[in-house]
Protein chains: 2
Amino acid sequence: MDQLSATFAALADPTRRAILARLTEGPATVKELSEPFDISGPAISKHLRVLEKAGLITRGREAQWRPCQLDATPLKEVAVWAENYRRFWDASYTRLDALLTELKETEQ
Amino acid sequence: MDQLSATFAALADPTRRAILARLTEGPATVKELSEPFDISGPAISKHLRVLEKAGLITRGREAQWRPCQLDATPLKEVAVWAENYRRFWDASYTRLDALLTELKETEQ
DNA sequence: GGGTTAAATAACCTGTGGGTTAAGTAAGCG
DNA sequence: CGCTTACTTAACCCACAGGTTATTTAACCC
């Protein structure tokens with residue numbers, strides 16, 4: 001699976017997006033991250049593994065804790081990818097497109 | 001499934017992203033869209049249904065053709081969502097964060 | 001009407017995603 | 001050493017995603 005697909009797949013789950021949001025406030029342990037959800041520890045571990053494989057988090061080791069930290073690098077790729085479609089949602093670009101089309105027609 | 005999750009899930013597949021890229025060049029029929037891939041028609045139909053449910057394409061009806069058209073609106077949501085993480089990948093923001101932290105510490 | 005083309009639907013297979021519980025690993029602590 | 005805490009791994013379940021082939025629907029064309 002390519003990098004971008006892995007990133008999108010990781011982001012498709014609300015729990016994982018919530019984990020990323022929490023990590024914007026700073027590093028956290030697995031226990032802390034699991035607090036807001038009523039799903040089991042192993043389920044959280046799996047989510048973290050997906051995020052780690054997608055390169056969205058890095059993990060440390062401090063005694064019996066495995067602190068997680070956000071790595072937003074892949075999100076830059078997402079932003080860049082989405083930006084390429086800006087002209088298709090942006091109204092001013094749409095008007096520009098219409099203008100260009102019109103010009104092209106009058107040329108012929 | 002919420003809108004954002006549906007969008008990310010739709011974007012997680014490379015075939016579907018390729019279809020969106022093709023549709024930036026203008027509307028296309030199902031046949032035309034399936035041309036570049038060596039997967040069956042029904043498989044393409046399923047991909048299109050996913051894209052349609054995510055609101056990324058709209059479909060018309062012209063005789064026996066069902067032309068597909070790009071609707072990038074959900075991609076704006078993606079861009080906005082990703083932009084919220086800009087300060088975590090942008091180096092200058094990182095330096096700003098460091099500066100703010102430093103300031104906060106000297107205040108105490 | 002009969003044949004052809006475009007596309008969707010149905011039925012099926014297989015892999016994987018997200019969840020569970022139970023057991024294992026690893027570190028702190030009395 | 002033995003107990004507790006933090007976390008992972010293993011084994012399992014079920015739903016769904018992505019693919020297939022075969023069939024159906026719908027429209028055009030002769």
# chains A, B, ... in the order shown; residues from 1 in each chain; ligands from 1
call {"tool": "select_by_dssp", "arguments": {"residues": "chain B", "states": "strand (DSSP E or B)", "output": "list of chain:residue names"}}
result
B:Ala28, B:Ile57, B:Thr58, B:Arg59, B:Glu62, B:Trp65, B:Cys68, B:Gln69, B:Leu70
call {"tool": "closest_atom_pairs", "arguments": {"of": "chain D", "to": "range 25-34 of chain A", "cutoff": "12 Å", "atoms": "only C-alpha atoms (C1' of nucleotides)", "output": "tab-separated table"}}
result
residue	atom	partner	partner_atom	distance
D:DT5	C1'	A:Lys31	CA	10.5
D:DA6	C1'	A:Lys31	CA	7.5
D:DC7	C1'	A:Val30	CA	7.7
D:DT8	C1'	A:Val30	CA	11.2
call {"tool": "write_last_selection", "arguments": {"atoms": "N, CA and C atoms (P, O5', C5', C4', C3', O3' and C1' of nucleotides)", "output": "PDB file, in the first residue's frame"}}
result
ATOM      1  P    DT D   5      -2.893  -1.713  40.277  1.00  0.00           P
ATOM      2  O5'  DT D   5      -1.993  -1.154  39.079  1.00  0.00           O
ATOM      3  C5'  DT D   5      -0.881  -0.312  39.367  1.00  0.00           C
ATOM      4  C4'  DT D   5      -0.176   0.022  38.072  1.00  0.00           C
ATOM      5  C3'  DT D   5      -1.118   0.346  36.907  1.00  0.00           C
ATOM      6  O3'  DT D   5      -0.636   1.511  36.254  1.00  0.00           O
ATOM      7  C1'  DT D   5       0.380  -1.369  36.279  1.00  0.00           C
ATOM      8  P    DA D   6      -1.313   2.087  34.942  1.00  0.00           P
ATOM      9  O5'  DA D   6      -0.393   1.474  33.809  1.00  0.00           O
ATOM     10  C5'  DA D   6       0.912   2.005  33.599  1.00  0.00           C
ATOM     11  C4'  DA D   6       1.445   1.482  32.283  1.00  0.00           C
ATOM     12  C3'  DA D   6       0.510   1.709  31.093  1.00  0.00           C
ATOM     13  O3'  DA D   6       1.286   2.219  30.020  1.00  0.00           O
ATOM     14  C1'  DA D   6       1.062  -0.579  31.246  1.00  0.00           C
ATOM     15  P    DC D   7       0.530   2.827  28.723  1.00  0.00           P
ATOM     16  O5'  DC D   7       0.623   1.577  27.759  1.00  0.00           O
ATOM     17  C5'  DC D   7       1.922   1.045  27.449  1.00  0.00           C
ATOM     18  C4'  DC D   7       1.810  -0.353  26.899  1.00  0.00           C
ATOM     19  C3'  DC D   7       0.914  -0.520  25.677  1.00  0.00           C
ATOM     20  O3'  DC D   7       1.733  -0.426  24.507  1.00  0.00           O
ATOM     21  C1'  DC D   7       0.950  -2.429  27.127  1.00  0.00           C
ATOM     22  P    DT D   8       1.219  -0.859  23.065  1.00  0.00           P
ATOM     23  O5'  DT D   8       1.518  -2.424  23.029  1.00  0.00           O
ATOM     24  C5'  DT D   8       2.822  -2.886  23.356  1.00  0.00           C
ATOM     25  C4'  DT D   8       2.931  -4.379  23.088  1.00  0.00           C
ATOM     26  C3'  DT D   8       2.470  -4.821  21.704  1.00  0.00           C
ATOM     27  O3'  DT D   8       3.416  -5.755  21.217  1.00  0.00           O
ATOM     28  C1'  DT D   8       1.268  -6.014  23.367  1.00  0.00           C
TER      29       DT D   8
END
call {"tool": "interface_residues", "arguments": {"of": "chain D", "to": "chain B", "cutoff": "7 Å", "atoms": "only C-alpha atoms (C1' of nucleotides)", "output": "PyMOL selection string"}}
result
chain D and resi 19+26-27
call {"tool": "write_last_selection", "arguments": {"atoms": "C-alpha atoms (C1' of nucleotides)", "output": "short mmCIF file (atom, residue, chain, number, x, y, z; two decimals), in the first residue's frame"}}
result
data_model
loop_
_atom_site.label_atom_id
_atom_site.label_comp_id
_atom_site.auth_asym_id
_atom_site.auth_seq_id
_atom_site.Cartn_x
_atom_site.Cartn_y
_atom_site.Cartn_z
"C1'" DG D 19 -12.77 -8.34 -6.80
"C1'" DA D 26 -32.25 0.18 -20.60
"C1'" DA D 27 -31.45 2.60 -24.63
#
call {"tool": "calpha_fit_and_write", "arguments": {"fixed": "chain A", "moving": "chain B", "output": "short mmCIF file (atom, residue, chain, number, x, y, z; two decimals) with C-alpha atoms, in the first residue's frame"}}
result
data_model
loop_
_atom_site.label_atom_id
_atom_site.label_comp_id
_atom_site.auth_asym_id
_atom_site.auth_seq_id
_atom_site.Cartn_x
_atom_site.Cartn_y
_atom_site.Cartn_z
CA MET B 1 -0.11 0.02 -0.04
CA ASP B 2 1.24 3.43 -1.05
CA GLN B 3 1.83 6.20 1.45
CA LEU B 4 -1.15 8.35 0.50
CA SER B 5 -3.57 5.42 0.60
CA ALA B 6 -2.26 4.40 4.01
CA THR B 7 -2.73 7.93 5.28
CA PHE B 8 -6.29 8.24 3.98
CA ALA B 9 -7.15 4.79 5.34
CA ALA B 10 -5.78 5.77 8.76
CA LEU B 11 -7.80 8.98 8.73
CA ALA B 12 -11.02 7.19 7.77
CA ASP B 13 -11.59 6.11 11.37
CA PRO B 14 -13.04 8.69 13.80
CA THR B 15 -11.26 7.15 16.80
CA ARG B 16 -7.92 7.57 15.08
CA ARG B 17 -8.69 11.16 14.11
CA ALA B 18 -9.64 11.84 17.75
CA ILE B 19 -6.32 10.37 18.85
CA LEU B 20 -4.46 12.68 16.48
CA ALA B 21 -6.46 15.64 17.80
CA ARG B 22 -5.51 14.70 21.34
CA LEU B 23 -1.84 14.47 20.35
CA THR B 24 -1.84 18.08 19.16
CA GLU B 25 -1.86 18.95 22.87
CA GLY B 26 1.35 17.04 23.39
CA PRO B 27 2.62 13.46 23.81
CA ALA B 28 0.48 10.93 25.65
CA THR B 29 0.68 7.39 26.89
CA VAL B 30 -1.52 4.62 25.52
CA LYS B 31 -3.54 4.66 28.72
CA GLU B 32 -4.17 8.38 28.45
CA LEU B 33 -5.16 8.06 24.82
CA SER B 34 -7.63 5.29 25.56
CA GLU B 35 -9.30 7.25 28.38
CA PRO B 36 -11.95 9.06 26.26
CA PHE B 37 -13.13 5.86 24.51
CA ASP B 38 -14.93 2.89 25.93
CA ILE B 39 -13.10 0.36 23.85
CA SER B 40 -10.50 -2.09 25.10
CA GLY B 41 -6.78 -1.49 25.36
CA PRO B 42 -5.87 -3.89 22.57
CA ALA B 43 -8.24 -2.03 20.26
CA ILE B 44 -6.39 1.21 20.99
CA SER B 45 -3.08 -0.58 20.45
CA LYS B 46 -4.27 -1.60 16.99
CA HIS B 47 -5.32 1.93 16.14
CA LEU B 48 -1.91 3.18 17.23
CA ARG B 49 -0.20 0.60 15.06
CA VAL B 50 -2.19 1.79 12.06
CA LEU B 51 -1.26 5.40 12.81
CA GLU B 52 2.38 4.43 13.28
CA LYS B 53 2.51 2.49 10.00
CA ALA B 54 1.01 5.51 8.25
CA GLY B 55 3.79 7.60 9.77
CA LEU B 56 1.32 9.79 11.66
CA ILE B 57 2.76 9.05 15.09
CA THR B 58 6.10 8.06 16.56
CA ARG B 59 6.52 6.11 19.76
CA GLY B 60 9.06 6.34 22.52
CA ARG B 61 9.92 4.21 25.49
CA GLU B 62 9.97 5.39 29.07
CA ALA B 63 9.91 2.62 31.65
CA GLN B 64 6.62 0.80 31.16
CA TRP B 65 5.11 3.60 29.11
CA ARG B 66 5.24 4.02 25.34
CA PRO B 67 4.53 7.71 24.84
CA CYS B 68 3.02 8.60 21.47
CA GLN B 69 3.82 11.76 19.59
CA LEU B 70 2.19 13.35 16.58
CA ASP B 71 4.05 13.42 13.27
CA ALA B 72 2.00 15.51 10.87
CA THR B 73 4.27 15.09 7.85
CA PRO B 74 1.85 12.81 5.97
CA LEU B 75 -0.90 15.37 6.58
CA LYS B 76 1.05 17.83 4.49
CA GLU B 77 0.78 15.40 1.60
CA VAL B 78 -2.96 15.20 2.21
CA ALA B 79 -3.27 18.99 2.22
CA VAL B 80 -1.22 19.29 -0.97
CA TRP B 81 -3.26 16.58 -2.66
CA ALA B 82 -6.57 18.21 -1.71
CA GLU B 83 -5.36 21.67 -2.73
CA ASN B 84 -5.02 20.43 -6.30
CA TYR B 85 -8.82 20.27 -6.37
CA ARG B 86 -9.34 23.75 -4.97
CA ARG B 87 -10.41 25.20 -8.31
CA PHE B 88 -13.26 22.66 -8.39
CA TRP B 89 -14.78 23.83 -5.14
CA ASP B 90 -13.74 27.45 -5.11
CA ALA B 91 -16.42 29.68 -6.66
CA SER B 92 -13.99 32.30 -7.94
CA TYR B 93 -12.00 29.62 -9.70
CA THR B 94 -15.20 28.31 -11.20
CA ARG B 95 -15.91 31.76 -12.60
CA LEU B 96 -12.36 31.88 -13.90
CA ASP B 97 -12.87 28.53 -15.57
CA ALA B 98 -16.06 29.79 -17.19
CA LEU B 99 -14.21 32.87 -18.41
CA LEU B 100 -11.40 30.79 -19.88
CA THR B 101 -13.88 28.52 -21.64
CA GLU B 102 -15.63 31.57 -23.06
CA LEU B 103 -12.35 32.98 -24.29
CA LYS B 104 -11.40 29.68 -25.89
CA GLU B 105 -14.70 29.59 -27.74
CA THR B 106 -14.43 33.12 -29.09
CA GLU B 107 -10.94 32.31 -30.34
CA GLN B 108 -12.17 29.59 -32.65
#
call {"tool": "residues_around", "arguments": {"residues": "range 12-23 of chain C", "least_positions_apart": "4", "cutoff": "8 Å", "atoms": "only C-alpha atoms (C1' of nucleotides)", "output": "PyMOL selection string"}}
result
(chain A and resi 43) or (chain D and resi 10+13+20)
call {"tool": "atom_distance", "arguments": {"atom1": "C1' of DG24 in chain C", "atom2": "C1' of DT9 in chain D"}}
result
7.2 Å
call {"tool": "select_by_dssp", "arguments": {"residues": "chain A", "states": "alpha helix (DSSP H)", "output": "short mmCIF file (atom, residue, chain, number, x, y, z; two decimals) with N, CA and C atoms, in the first residue's frame"}}
result
data_model
loop_
_atom_site.label_atom_id
_atom_site.label_comp_id
_atom_site.auth_asym_id
_atom_site.auth_seq_id
_atom_site.Cartn_x
_atom_site.Cartn_y
_atom_site.Cartn_z
N GLN A 3 2.02 5.29 0.35
CA GLN A 3 1.98 6.18 1.51
C GLN A 3 0.66 6.93 1.62
N LEU A 4 0.23 7.51 0.50
CA LEU A 4 -0.99 8.32 0.54
C LEU A 4 -2.21 7.49 0.89
N SER A 5 -2.29 6.29 0.30
CA SER A 5 -3.41 5.41 0.62
C SER A 5 -3.41 5.05 2.09
N ALA A 6 -2.24 4.75 2.62
CA ALA A 6 -2.14 4.38 4.04
C ALA A 6 -2.60 5.55 4.91
N THR A 7 -2.23 6.75 4.52
CA THR A 7 -2.61 7.93 5.31
C THR A 7 -4.13 8.11 5.28
N PHE A 8 -4.70 8.08 4.07
CA PHE A 8 -6.15 8.24 3.96
C PHE A 8 -6.87 7.14 4.73
N ALA A 9 -6.39 5.91 4.61
CA ALA A 9 -7.03 4.80 5.32
C ALA A 9 -6.98 5.03 6.82
N ALA A 10 -5.83 5.50 7.31
CA ALA A 10 -5.69 5.76 8.75
C ALA A 10 -6.66 6.85 9.19
N LEU A 11 -6.86 7.84 8.35
CA LEU A 11 -7.71 8.98 8.71
C LEU A 11 -9.19 8.67 8.57
N PRO A 14 -12.80 7.60 12.82
CA PRO A 14 -12.99 8.74 13.73
C PRO A 14 -12.17 8.61 15.01
N THR A 15 -12.05 7.39 15.53
CA THR A 15 -11.25 7.18 16.74
C THR A 15 -9.81 7.62 16.49
N ARG A 16 -9.28 7.22 15.34
CA ARG A 16 -7.89 7.59 15.05
C ARG A 16 -7.74 9.09 14.85
N ARG A 17 -8.72 9.72 14.22
CA ARG A 17 -8.64 11.18 14.07
C ARG A 17 -8.71 11.85 15.44
N ALA A 18 -9.51 11.30 16.33
CA ALA A 18 -9.61 11.87 17.68
C ALA A 18 -8.28 11.72 18.42
N ILE A 19 -7.62 10.60 18.21
CA ILE A 19 -6.31 10.38 18.83
C ILE A 19 -5.31 11.43 18.33
N LEU A 20 -5.32 11.66 17.02
CA LEU A 20 -4.43 12.68 16.47
C LEU A 20 -4.74 14.05 17.07
N ALA A 21 -6.02 14.35 17.20
CA ALA A 21 -6.41 15.65 17.77
C ALA A 21 -5.89 15.78 19.19
N ARG A 22 -6.02 14.70 19.95
CA ARG A 22 -5.51 14.73 21.32
C ARG A 22 -4.01 14.97 21.34
N LEU A 23 -3.30 14.38 20.40
CA LEU A 23 -1.84 14.48 20.37
C LEU A 23 -1.34 15.86 19.96
N VAL A 30 -0.51 5.39 26.14
CA VAL A 30 -1.61 4.61 25.58
C VAL A 30 -2.83 4.70 26.48
N LYS A 31 -2.59 4.59 27.77
CA LYS A 31 -3.68 4.68 28.75
C LYS A 31 -4.41 6.00 28.62
N GLU A 32 -3.66 7.09 28.59
CA GLU A 32 -4.27 8.41 28.46
C GLU A 32 -5.08 8.52 27.19
N LEU A 33 -4.54 7.99 26.11
CA LEU A 33 -5.22 8.09 24.82
C LEU A 33 -6.52 7.29 24.82
N SER A 34 -6.54 6.20 25.58
CA SER A 34 -7.72 5.32 25.55
C SER A 34 -8.83 5.86 26.46
N GLY A 41 -8.28 -1.87 25.56
CA GLY A 41 -6.88 -1.50 25.34
C GLY A 41 -6.33 -2.05 24.04
N PRO A 42 -6.47 -3.33 23.79
CA PRO A 42 -5.97 -3.89 22.54
C PRO A 42 -6.50 -3.16 21.30
N ALA A 43 -7.74 -2.74 21.35
CA ALA A 43 -8.30 -2.02 20.20
C ALA A 43 -7.54 -0.71 19.98
N ILE A 44 -7.24 -0.02 21.09
CA ILE A 44 -6.45 1.21 20.98
C ILE A 44 -5.06 0.89 20.42
N SER A 45 -4.45 -0.17 20.94
CA SER A 45 -3.13 -0.58 20.45
C SER A 45 -3.14 -0.76 18.94
N LYS A 46 -4.22 -1.39 18.43
CA LYS A 46 -4.30 -1.60 16.99
C LYS A 46 -4.39 -0.28 16.25
N HIS A 47 -5.21 0.63 16.78
CA HIS A 47 -5.33 1.95 16.14
C HIS A 47 -3.96 2.63 16.10
N LEU A 48 -3.23 2.52 17.20
CA LEU A 48 -1.92 3.17 17.26
C LEU A 48 -0.95 2.55 16.26
N ARG A 49 -1.08 1.23 16.08
CA ARG A 49 -0.20 0.58 15.11
C ARG A 49 -0.49 1.08 13.69
N VAL A 50 -1.77 1.26 13.40
CA VAL A 50 -2.15 1.79 12.08
C VAL A 50 -1.57 3.19 11.89
N LEU A 51 -1.72 4.01 12.92
CA LEU A 51 -1.21 5.39 12.85
C LEU A 51 0.30 5.39 12.70
N GLU A 52 0.95 4.47 13.41
CA GLU A 52 2.41 4.41 13.35
C GLU A 52 2.87 3.96 11.96
N LYS A 53 2.20 2.94 11.41
CA LYS A 53 2.57 2.45 10.08
C LYS A 53 2.35 3.52 9.02
N THR A 73 3.83 15.00 9.28
CA THR A 73 4.41 15.04 7.92
C THR A 73 3.46 14.48 6.85
N PRO A 74 2.87 13.31 7.08
CA PRO A 74 1.98 12.77 6.04
C PRO A 74 0.77 13.67 5.78
N LEU A 75 0.40 14.46 6.77
CA LEU A 75 -0.76 15.34 6.60
C LEU A 75 -0.45 16.46 5.62
N LYS A 76 0.82 16.79 5.53
CA LYS A 76 1.21 17.79 4.53
C LYS A 76 0.91 17.26 3.13
N GLU A 77 1.24 15.97 2.92
CA GLU A 77 0.95 15.36 1.62
C GLU A 77 -0.55 15.39 1.33
N VAL A 78 -1.34 15.13 2.37
CA VAL A 78 -2.79 15.17 2.21
C VAL A 78 -3.23 16.58 1.80
N ALA A 79 -2.71 17.58 2.50
CA ALA A 79 -3.09 18.96 2.20
C ALA A 79 -2.69 19.33 0.78
N VAL A 80 -1.49 18.95 0.39
CA VAL A 80 -1.01 19.25 -0.97
C VAL A 80 -1.91 18.57 -2.00
N TRP A 81 -2.21 17.31 -1.74
CA TRP A 81 -3.06 16.55 -2.67
C TRP A 81 -4.41 17.23 -2.82
N ALA A 82 -5.03 17.59 -1.71
CA ALA A 82 -6.36 18.21 -1.74
C ALA A 82 -6.31 19.57 -2.42
N GLU A 83 -5.25 20.31 -2.18
CA GLU A 83 -5.13 21.65 -2.77
C GLU A 83 -5.18 21.63 -4.29
N ARG A 86 -8.47 22.50 -5.55
CA ARG A 86 -9.08 23.75 -5.06
C ARG A 86 -9.94 24.43 -6.12
N ARG A 87 -9.39 24.49 -7.35
CA ARG A 87 -10.14 25.21 -8.40
C ARG A 87 -11.49 24.58 -8.68
N PHE A 88 -11.72 23.34 -8.22
CA PHE A 88 -13.01 22.69 -8.47
C PHE A 88 -14.01 22.94 -7.35
N TRP A 89 -13.55 23.51 -6.25
CA TRP A 89 -14.53 23.85 -5.22
C TRP A 89 -14.58 25.36 -5.00
N ALA A 91 -15.26 29.03 -5.78
CA ALA A 91 -16.18 29.73 -6.67
C ALA A 91 -15.45 30.66 -7.63
N SER A 92 -14.46 31.37 -7.15
CA SER A 92 -13.77 32.32 -8.01
C SER A 92 -13.04 31.58 -9.12
N TYR A 93 -12.48 30.43 -8.79
CA TYR A 93 -11.82 29.63 -9.82
C TYR A 93 -12.85 29.12 -10.83
N THR A 94 -14.03 28.77 -10.33
CA THR A 94 -15.09 28.31 -11.22
C THR A 94 -15.44 29.41 -12.21
N ARG A 95 -15.55 30.64 -11.70
CA ARG A 95 -15.85 31.77 -12.59
C ARG A 95 -14.71 31.95 -13.60
N LEU A 96 -13.48 31.77 -13.11
CA LEU A 96 -12.33 31.89 -14.00
C LEU A 96 -12.41 30.84 -15.11
N ASP A 97 -12.75 29.62 -14.71
CA ASP A 97 -12.89 28.54 -15.69
C ASP A 97 -13.92 28.91 -16.74
N ALA A 98 -15.06 29.42 -16.29
CA ALA A 98 -16.14 29.81 -17.20
C ALA A 98 -15.64 30.87 -18.16
N LEU A 99 -14.89 31.81 -17.64
CA LEU A 99 -14.35 32.89 -18.46
C LEU A 99 -13.41 32.33 -19.53
N LEU A 100 -12.55 31.44 -19.10
CA LEU A 100 -11.60 30.84 -20.03
C LEU A 100 -12.32 30.07 -21.13
N THR A 101 -13.34 29.33 -20.73
CA THR A 101 -14.12 28.57 -21.71
C THR A 101 -14.75 29.52 -22.73
N GLU A 102 -15.30 30.60 -22.21
CA GLU A 102 -15.95 31.60 -23.06
C GLU A 102 -14.94 32.16 -24.08
N LEU A 103 -13.77 32.52 -23.58
CA LEU A 103 -12.72 33.06 -24.43
C LEU A 103 -12.35 32.07 -25.53
N LYS A 104 -12.22 30.84 -25.11
CA LYS A 104 -11.83 29.81 -26.07
C LYS A 104 -12.87 29.69 -27.19
N GLU A 105 -14.16 29.81 -26.80
CA GLU A 105 -15.24 29.69 -27.79
C GLU A 105 -15.24 30.87 -28.77
N THR A 106 -15.01 32.05 -28.23
CA THR A 106 -15.02 33.22 -29.11
C THR A 106 -13.84 33.21 -30.06
N GLU A 107 -12.77 32.56 -29.65
CA GLU A 107 -11.59 32.45 -30.51
C GLU A 107 -11.89 31.68 -31.79
#
call {"tool": "closest_residue", "arguments": {"among": "C:DT25, C:DA11, C:DG30, C:DT5", "to": "chain A", "atoms": "only C-alpha atoms (C1' of nucleotides)"}}
result
C:DT25
call {"tool": "residues_around", "arguments": {"residues": "DT24 in chain D", "least_positions_apart": "2", "cutoff": "12 Å", "atoms": "only C-alpha atoms (C1' of nucleotides)", "output": "mmCIF file with N, CA and C atoms (P, O5', C5', C4', C3', O3' and C1' of nucleotides), in the first residue's frame"}}
result
data_model
loop_
_atom_site.group_PDB
_atom_site.id
_atom_site.type_symbol
_atom_site.label_atom_id
_atom_site.label_comp_id
_atom_site.auth_asym_id
_atom_site.auth_seq_id
_atom_site.Cartn_x
_atom_site.Cartn_y
_atom_site.Cartn_z
ATOM 1 P P DA C 7 -21.292 3.704 -19.887
ATOM 2 O "O5'" DA C 7 -22.005 2.885 -18.727
ATOM 3 C "C5'" DA C 7 -23.331 3.274 -18.352
ATOM 4 C "C4'" DA C 7 -23.940 2.232 -17.455
ATOM 5 C "C3'" DA C 7 -23.136 1.890 -16.194
ATOM 6 O "O3'" DA C 7 -23.705 2.622 -15.118
ATOM 7 C "C1'" DA C 7 -24.257 -0.001 -17.168
ATOM 8 P P DA C 8 -23.445 2.299 -13.573
ATOM 9 O "O5'" DA C 8 -24.540 1.178 -13.244
ATOM 10 C "C5'" DA C 8 -25.906 1.482 -13.471
ATOM 11 C "C4'" DA C 8 -26.774 0.358 -12.955
ATOM 12 C "C3'" DA C 8 -26.519 -0.023 -11.497
ATOM 13 O "O3'" DA C 8 -27.792 -0.220 -10.871
ATOM 14 C "C1'" DA C 8 -26.217 -1.921 -12.885
ATOM 15 P P DT C 9 -27.893 -0.586 -9.318
ATOM 16 O "O5'" DT C 9 -28.081 -2.165 -9.341
ATOM 17 C "C5'" DT C 9 -29.168 -2.708 -10.068
ATOM 18 C "C4'" DT C 9 -29.188 -4.215 -9.902
ATOM 19 C "C3'" DT C 9 -28.945 -4.701 -8.458
ATOM 20 O "O3'" DT C 9 -30.006 -5.575 -8.135
ATOM 21 C "C1'" DT C 9 -27.521 -5.834 -9.963
ATOM 22 P P DA C 10 -30.068 -6.335 -6.711
ATOM 23 O "O5'" DA C 10 -29.389 -7.731 -7.058
ATOM 24 C "C5'" DA C 10 -29.819 -8.438 -8.225
ATOM 25 C "C4'" DA C 10 -29.284 -9.855 -8.199
ATOM 26 C "C3'" DA C 10 -29.051 -10.428 -6.798
ATOM 27 O "O3'" DA C 10 -29.407 -11.796 -6.823
ATOM 28 C "C1'" DA C 10 -27.009 -10.396 -7.980
ATOM 29 P P DA D 22 -19.247 -16.808 -16.459
ATOM 30 O "O5'" DA D 22 -20.739 -16.465 -16.001
ATOM 31 C "C5'" DA D 22 -21.199 -16.923 -14.726
ATOM 32 C "C4'" DA D 22 -22.632 -16.472 -14.511
ATOM 33 C "C3'" DA D 22 -23.485 -16.440 -15.777
ATOM 34 O "O3'" DA D 22 -24.819 -16.835 -15.445
ATOM 35 C "C1'" DA D 22 -23.409 -14.288 -14.832
ATOM 36 P P DA D 26 -35.490 -0.790 -16.488
ATOM 37 O "O5'" DA D 26 -34.748 0.033 -17.632
ATOM 38 C "C5'" DA D 26 -33.519 0.678 -17.329
ATOM 39 C "C4'" DA D 26 -32.868 1.164 -18.594
ATOM 40 C "C3'" DA D 26 -33.850 1.646 -19.667
ATOM 41 O "O3'" DA D 26 -33.421 2.916 -20.089
ATOM 42 C "C1'" DA D 26 -32.252 0.184 -20.598
#
